[in-house]
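Since the structure comes first, as structure tokens, the remarks are kept for the end.
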Amino acid sequence: MKTIFDLCVPRPDVLAGRLRDEEFAADLGQVVAGKASAEYGDPERFFRHTHPTKGLKTLLETVCRRLSDTGGELNAVCRLDTQFGGGKTHSLIALIHAVQSDSGLPGIEDFIDSSLLPTGPVRIAALSGENSDPANGMQLEYGLHARSLWGEMAYRLAGREGFERVIKSDETHVAPGSDTLIELFGDQPCLILIDEIAVYLRKIARVFPDATNQFTAFAQSLFKAVSASPKVSLVYTLAVRADDKEATDAYRIEQQIAMAAFDEAESVSGRKATQLNPTEEDETVFVLKRRLFERIDAEGATPVIAAYRDVWKRNADSLSDDADRPETTTQFERGYPLHPELLSTLIEKTSSLNNFQRTRGMLRLLARTVYDLWQNKPADATAIHPHHINPGVQAIRDEITTRLAQGQYTPAIAADVAAVSGMAASVAQGLDEKEYAGQPPVTSYVARTILLHSLAFPDAVRGVLPDRLRSSVCSPIVEPAFVESARRRFMEESLFLDDRPGAPMRFMTEANLTQLIRKATNEVEPHEIHAELGERIRDLFAGRNQPFDPIFFPAGPYEVPDEIGEGQPFLVVLNYDAAAVAAEPSSLPNEILEMATRKGTGNEFRTFQNNLVFVVADQGRVSGMKETVKRRLGLKRMTTPDRLRDLADYQQEQVKEEFRKSDVAASVQVAQCYRHLFYPSSNPLAGNEARLAHTLISLPSAAEHPGNCQRQIHRALRDQKKVLSSGDAPDAPAFVRDQTPLKIKGEITTLELRNEFRRAPNLSILLGDEPLTQCIRQGIDSDVFIYRVGDQVFGKGDPTPAIQIADNAFIYTMSRATQQGLWPRKPTPAEPPASEAATGISLGGSGTTTDDSGTTTTDSPADGPPTTGPGTTAQSTGRLTATGPLRQALTKLFEQARSQKIEKFANVRIRLFGHKDTWDVHQAVATFNGATSTSEFSVVMQAEGIEELALEFRGNMQRANTLKSNLTPLLQTATDADFKGAYTLTFNAPLATDTTSGETFIKAMTKYGGGEAYVEAEAAAKD
């Protein structure tokens, strides 16, 4: 791949770095006086370095036709409109050289037909507001001074005699009449040039109060006089934008005054000036190339541009939309070696600064850039990109900080982009040394590009988006992915990048908040993190009004009680540093094994092994939990008055907001880290002697209520059918009988039976007495138990007893009750034989038998549909259901359909628990085609200022979208919330259940996520 050093040759003065400041600043007065530098004063050199723009060629032809009196000119008056540095003064100098030269001037034919050049002398009055001196008078010759524009003009056109003709007007600053001006013209060709009029108006306003009115009067007289004189031409300039005619420079007010004066002059004279733009925007590149380069091999550049086009096409998805457009390639072909993004950035961004002099400013900046490039010759310079403008070069840095008055970015440049000599490397330079040694310094390229896009006005246009940044930096040698990698690293480390949400990449004048927070965070000591985490974990797992009594960070079995206490089971919270497990533990940690089976000093076996639940940290999440807490402590440091005073107002508010958010973030991290539960079970993990099984608290669930971790533990254990609360279906009476001493002893007090639930790992953990009393009642009703309290005995058929949990209330097996004569109940002599209903004796009945041990079997079908697999139920109605993680549940649903030869679904219903999982599926349903969808939401929540909000919704997706946008911020700030959601998709055409169709539907429903779900589907009628 050929580089710019192979295909381009800079002009000798650019290559040698000999360009002086004055060579970029055209001075009309110096050219007229013969004192200008060779760049502007030598006609041959001037035209050799000037590009013949359309505007300049039109101007030269119009003026020369007028002066030569050949006819056909557009107008006697021409106005040049463009902002500072846009070529106005340059065009006036071209006029002077053209009318004073003959047809033999080398290169003049590129600008004008030489036959149109004046053949005789031309009087020239070149009036520049920068050179005027209304207060002291401009010296015309010894003893003769002009204080007004018309005084100077009279002298330039008619010498001392002409000046004396208007001397009174000059002294009093009263504009002369048009006839007087016609006298000054005489019958010779005259060229009148007025430049930088705004500067003159600002000066004169301090000397003559009526200056504005008199300038308007002068303009009217001048327009009238010029129009009446065949061989006289007037050209004046205005520094205004061509599109809206608005002035934008430091003399904005005076420019508007001058424009109003000239507009009125046109109106009064009835002659409209011809308006020209010396350099149209699409010609700027030719002006730059002509001044900077002696030779450019356009043919050799063709494969280079093709290579760029290939990069843009291959990476179209990651680049800006403009990159792969044909217009961009055309622009590159016209502008090579200048990259299209270089010109766009200078024109769109840098040129918006008031003191950036458009073409002149670009030439200054690019001349220094070309010099630097040819000095160092980077191997990847296949074109000149924005990132080649290197502020690490002192001359370029001075252009930015001094000439463009952007000194406020000096700290950002030094810290992030390019350090000054003798100072530590900038962030970008450091990353290049560390990450990209031996490769192009792509991080510096990224930083320089962002800096150039930061130099803009107003604030709304400052900065660059990632796709355009990648387009700007990438090349046939530097791939966009390489640029993106460097961009991400730089954004993480940068000190001055704007870190406000939604802001484009741009540098700020003060250090960004991200780095200030990082600095404060790095000051936090490990013991502070340990103390904060310990306190937060205790708060999150606190036991007041909670189902479990927490034991925090026990060092051994002796710190874990083996007692029933107040009836709450114990929740053992292990220290995250002492015991943490892998994401999918295959064995039980020794610390848990010892505490679960031993008590005291470890020599005795634990009695109440079903009274403990262990919650353990995930070792892969411990560091993230610590970092989050560390950041909160750093933010806490920043909220102190001393540190807040050093921040901008918006940063103060952001720090306070971040500190508030960090409280929830830290709690979420703790909840998500402590996600491993070990609980007593008949199916222990890896067959351990402690008989503990393992389950996970789902991460979305843990994040929903981070302030109440026991709630998540309760939910997880309830899902495992391990804990029973009021309202839950109790353990089966026969199962309870067989898992306790009741089976062997035949009788037990209800108090002892409750204690047995604390001992036996196979039983559920009771979080109240109601599940136990329900179990006893069911045992009585099913002939498994006989209940006795005092002298009262209750069996099947008796009125429902009030079950007492006491040491004088007993439960009997049927065999024991029969053995002791408690059951069947014997009739008293005074009574007739009791009926079955009166005695409660079971006569068996159809399909029901009771054996000697009290075990009941039923021949009739069990309640509910037959189970066909874990979490899946098939009903004879053609409706299938499944539960589990959404993808897994849907997969089960389709597998069951295929096994039952159900070919199509008429509809599918998805139920979810928790708003985050619901919103993930909401987005998938909302974008699914081919079905009519309805939404259902059920919400009960509390939040700050909201004692209770209860809502039930059912409606279409359009209404659901509106409700979702309103609910989301409320749910995010809720202190407690119970949320359920459901979506029903009724297919326009029944959905096939084959593997391909099923996988397509599952992928569509889970593409944004999805947690635990209950799904059901209804089979479509067969054709």
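In the structure tokens, chains take letters A, B, ... by order of appearance, with residues numbered from 1 within each chain and ligands from 1 in the order shown.
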
Could you list, as an mmCIF file with N, CA and C atoms, in the first residue's frame, every residue within 7 Å of segment 467-472 of chain A, counting only C-alpha atoms and ignoring same-chain residues fewer than 4 positions away?
```
data_model
loop_
_atom_site.group_PDB
_atom_site.id
_atom_site.type_symbol
_atom_site.label_atom_id
_atom_site.label_comp_id
_atom_site.auth_asym_id
_atom_site.auth_seq_id
_atom_site.Cartn_x
_atom_site.Cartn_y
_atom_site.Cartn_z
ATOM 1 N N SER A 318 -20.562 -0.868 11.213
ATOM 2 C CA SER A 318 -19.936 -0.222 12.366
ATOM 3 C C SER A 318 -19.462 1.192 12.071
ATOM 4 N N LEU A 319 -19.687 1.676 10.848
ATOM 5 C CA LEU A 319 -19.243 3.018 10.466
ATOM 6 C C LEU A 319 -20.452 3.924 10.246
ATOM 7 N N SER A 320 -20.179 5.207 10.126
ATOM 8 C CA SER A 320 -21.271 6.153 9.885
ATOM 9 C C SER A 320 -21.889 5.898 8.517
ATOM 10 N N ALA A 323 -19.971 6.848 5.236
ATOM 11 C CA ALA A 323 -18.716 6.215 4.839
ATOM 12 C C ALA A 323 -18.833 5.447 3.523
ATOM 13 N N GLU A 341 -13.103 12.979 5.890
ATOM 14 C CA GLU A 341 -13.458 13.378 7.254
ATOM 15 C C GLU A 341 -12.646 14.575 7.724
ATOM 16 N N HIS A 385 -5.542 12.235 7.708
ATOM 17 C CA HIS A 385 -6.761 12.141 8.493
ATOM 18 C C HIS A 385 -6.825 13.282 9.515
ATOM 19 N N PRO A 480 -11.493 -0.855 11.698
ATOM 20 C CA PRO A 480 -12.436 -0.228 12.642
ATOM 21 C C PRO A 480 -12.500 -0.924 13.994
ATOM 22 N N VAL A 483 -9.848 0.369 16.106
ATOM 23 C CA VAL A 483 -10.201 1.716 16.575
ATOM 24 C C VAL A 483 -11.180 1.627 17.749
ATOM 25 N N GLU A 484 -12.181 0.749 17.621
ATOM 26 C CA GLU A 484 -13.190 0.618 18.674
ATOM 27 C C GLU A 484 -12.575 0.121 19.975
#
```

How would you write, as a VMD selection string, the set of residues in segment 484-591 of chain A that DSSP gives as alpha helix (DSSP H)? chain A and resid 484 to 493 513 to 522 526 to 540 590 to 591

Show me, as CSV, the residues of segment 581-648 of chain A having an atom within 9 Å of segment 510-528 of chain A, each with the closest atom pair and its distance in Å, using only C-alpha atoms.
```
residue,atom,partner,partner_atom,distance
A:Glu627,CA,A:Thr521,CA,8.9
A:Lys630,CA,A:Thr521,CA,6.1
A:Arg631,CA,A:Thr521,CA,5.2
A:Arg632,CA,A:Thr521,CA,7.8
A:Leu633,CA,A:Thr521,CA,6.8
A:Gly634,CA,A:Thr521,CA,3.9
A:Leu635,CA,A:Ile517,CA,6.3
A:Lys636,CA,A:Ala520,CA,8.9
A:Arg637,CA,A:Ala520,CA,6.7
A:Met638,CA,A:Ala520,CA,6.9
A:Leu647,CA,A:Leu513,CA,8.7
A:Ala648,CA,A:Glu510,CA,8.5
```

Who sits within 12 Å of Tyr679 of chain A, only C-alpha atoms, same chain under 4 positions skipped, as a ChimeraX atom specification
/A:569-572,588,592-593,596,609-616,683-685,688,690-696,713-714,716-718,720-723,760-765

Based on the backbone DSSP call, show me all residues of segment 489-563 of chain A assigned strand (DSSP E or B), as a PyMOL selection string.
chain A and resi 497+505+507+549-552

* To do: Could you tell me how far atom CA of Val1015 of chain A lies from atom CA of Lys892 of chain A, in Å and to one decimal?
  =>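 Interatomic distance, atom CA of Val1015 of chain A to atom CA of Lys892 of chain A: 9.6 Å.
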
Of A:Ala367, A:Ile537, A:Leu991, A:Ala906, the one sitting nearest Arg18 of chain A when using only C-alpha atoms is A:Ala367

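Atom CA of Ala135 of chain A to atom CA of Arg147 of chain A spans 6.7 Å [interatomic distance, one decimal].
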
I'd like the interatomic distance between atom CA of Ser938 of chain A and atom CA of Gln546 of chain A, to a tenth of an Å.
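One can read the atom CA of Ser938 of chain A to atom CA of Gln546 of chain A distance as 24.4 Å.
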
Which polymer residues have any atom within 6 Å of an atom of segment 951-965 of chain A, counting only C-alpha atoms, with same-chain residues fewer than 3 positions away left out, as a PDB file with all heavy atoms, in the first residue's frame?
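Result file follows (around-v6.pdb):
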```
ATOM      1  N   THR A 934     -52.286  -9.855  23.725  1.00  0.00           N
ATOM      2  CA  THR A 934     -52.855  -9.091  24.842  1.00  0.00           C
ATOM      3  C   THR A 934     -51.929  -9.217  26.028  1.00  0.00           C
ATOM      4  O   THR A 934     -51.178 -10.185  26.166  1.00  0.00           O
ATOM      5  CB  THR A 934     -54.254  -9.611  25.222  1.00  0.00           C
ATOM      6  OG1 THR A 934     -54.145 -11.002  25.564  1.00  0.00           O
ATOM      7  CG2 THR A 934     -55.236  -9.433  24.092  1.00  0.00           C
ATOM      8  N   SER A 935     -51.964  -8.199  26.887  1.00  0.00           N
ATOM      9  CA  SER A 935     -51.083  -8.129  28.050  1.00  0.00           C
ATOM     10  C   SER A 935     -51.921  -8.094  29.316  1.00  0.00           C
ATOM     11  O   SER A 935     -53.024  -7.537  29.336  1.00  0.00           O
ATOM     12  CB  SER A 935     -50.208  -6.873  27.989  1.00  0.00           C
ATOM     13  OG  SER A 935     -49.495  -6.824  26.798  1.00  0.00           O
ATOM     14  N   GLU A 936     -51.353  -8.654  30.391  1.00  0.00           N
ATOM     15  CA  GLU A 936     -51.981  -8.591  31.705  1.00  0.00           C
ATOM     16  C   GLU A 936     -50.893  -8.277  32.728  1.00  0.00           C
ATOM     17  O   GLU A 936     -49.831  -8.903  32.727  1.00  0.00           O
ATOM     18  CB  GLU A 936     -52.645  -9.926  32.067  1.00  0.00           C
ATOM     19  CG  GLU A 936     -53.753 -10.334  31.124  1.00  0.00           C
ATOM     20  CD  GLU A 936     -54.206 -11.755  31.403  1.00  0.00           C
ATOM     21  OE1 GLU A 936     -54.647 -12.028  32.541  1.00  0.00           O
ATOM     22  OE2 GLU A 936     -54.086 -12.572  30.471  1.00  0.00           O
ATOM     23  N   PHE A 937     -51.154  -7.277  33.589  1.00  0.00           N
ATOM     24  CA  PHE A 937     -50.211  -6.934  34.640  1.00  0.00           C
ATOM     25  C   PHE A 937     -50.961  -6.906  35.976  1.00  0.00           C
ATOM     26  O   PHE A 937     -52.098  -6.418  36.056  1.00  0.00           O
ATOM     27  CB  PHE A 937     -49.575  -5.555  34.423  1.00  0.00           C
ATOM     28  CG  PHE A 937     -48.901  -5.384  33.106  1.00  0.00           C
ATOM     29  CD1 PHE A 937     -48.986  -4.194  32.405  1.00  0.00           C
ATOM     30  CD2 PHE A 937     -48.162  -6.415  32.538  1.00  0.00           C
ATOM     31  CE1 PHE A 937     -48.362  -4.026  31.182  1.00  0.00           C
ATOM     32  CE2 PHE A 937     -47.532  -6.256  31.324  1.00  0.00           C
ATOM     33  CZ  PHE A 937     -47.647  -5.053  30.640  1.00  0.00           C
ATOM     34  N   SER A 938     -50.320  -7.404  37.012  1.00  0.00           N
ATOM     35  CA  SER A 938     -50.845  -7.313  38.374  1.00  0.00           C
ATOM     36  C   SER A 938     -49.720  -6.750  39.248  1.00  0.00           C
ATOM     37  O   SER A 938     -48.640  -7.343  39.319  1.00  0.00           O
ATOM     38  CB  SER A 938     -51.278  -8.686  38.881  1.00  0.00           C
ATOM     39  OG  SER A 938     -51.625  -8.611  40.247  1.00  0.00           O
ATOM     40  N   VAL A 939     -49.981  -5.606  39.881  1.00  0.00           N
ATOM     41  CA  VAL A 939     -48.940  -4.919  40.642  1.00  0.00           C
ATOM     42  C   VAL A 939     -49.475  -4.543  42.013  1.00  0.00           C
ATOM     43  O   VAL A 939     -50.566  -3.980  42.137  1.00  0.00           O
ATOM     44  CB  VAL A 939     -48.470  -3.626  39.928  1.00  0.00           C
ATOM     45  CG1 VAL A 939     -47.309  -3.003  40.684  1.00  0.00           C
ATOM     46  CG2 VAL A 939     -48.083  -3.914  38.498  1.00  0.00           C
ATOM     47  N   THR A 968     -42.454   1.561  34.897  1.00  0.00           N
ATOM     48  CA  THR A 968     -41.037   1.220  35.066  1.00  0.00           C
ATOM     49  C   THR A 968     -40.319   2.090  36.096  1.00  0.00           C
ATOM     50  O   THR A 968     -39.678   1.576  37.009  1.00  0.00           O
ATOM     51  CB  THR A 968     -40.320   1.269  33.709  1.00  0.00           C
ATOM     52  OG1 THR A 968     -40.929   0.317  32.838  1.00  0.00           O
ATOM     53  CG2 THR A 968     -38.844   0.930  33.865  1.00  0.00           C
TER      54      THR A 968
END
```

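With only C-alpha atoms as the atoms that count, the minimum distance from Met595 of chain A to the choices A:Val560, A:Ile296, A:Leu366, A:Ile697 is reached by A:Val560.
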
inquiry  = I'd like the contact shell of segment 326-336 of chain A - 8 Å cut-off, only C-alpha atoms, skipping same-chain residues fewer than 5 positions apart - returned as a list in words.
reply    =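 Close residues of segment 326-336 of chain A: Val285, Phe286, Lys289, Ala298, Ala301, Thr302, Ile305, Arg309 and Ala383 of chain A.
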
Nearest to Arg759 of chain A, chosen from A:Glu563, A:Glu947, A:Glu399, A:Asp781, with only C-alpha atoms counted in the distances: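 The shortest atom-to-atom distance to Arg759 of chain A comes from A:Glu563.
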
**Asked** Using only C-alpha atoms, which of the listed residues (A:Gly34, A:Gly707, A:Gly1010, A:Gly567) sits closest to Phe757 of chain A?
**Response**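 Smallest distance to Phe757 of chain A is found for A:Gly567.
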
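Around Lys904 of chain A, within 8 Å and counting only C-alpha atoms, the residues found are Pro990, Leu991, Ala992, Thr993, Ala1019 and Ala1020 of chain A, once anything fewer than 6 positions away on its own chain is removed.
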
Nearest to Val9 of chain A, restricted to only C-alpha atoms and choosing among A:Glu294, A:Thr883, A:Arg711, A:Glu584, comes out as A:Glu294

Which residues are near Glu348 of chain A? Cut-off 10 Å, only C-alpha atoms, ignore same chain within fewer than 2 positions. Put them as a PyMOL selection string.
chain A and resi 343-346+350-353+453+456-457+461-462
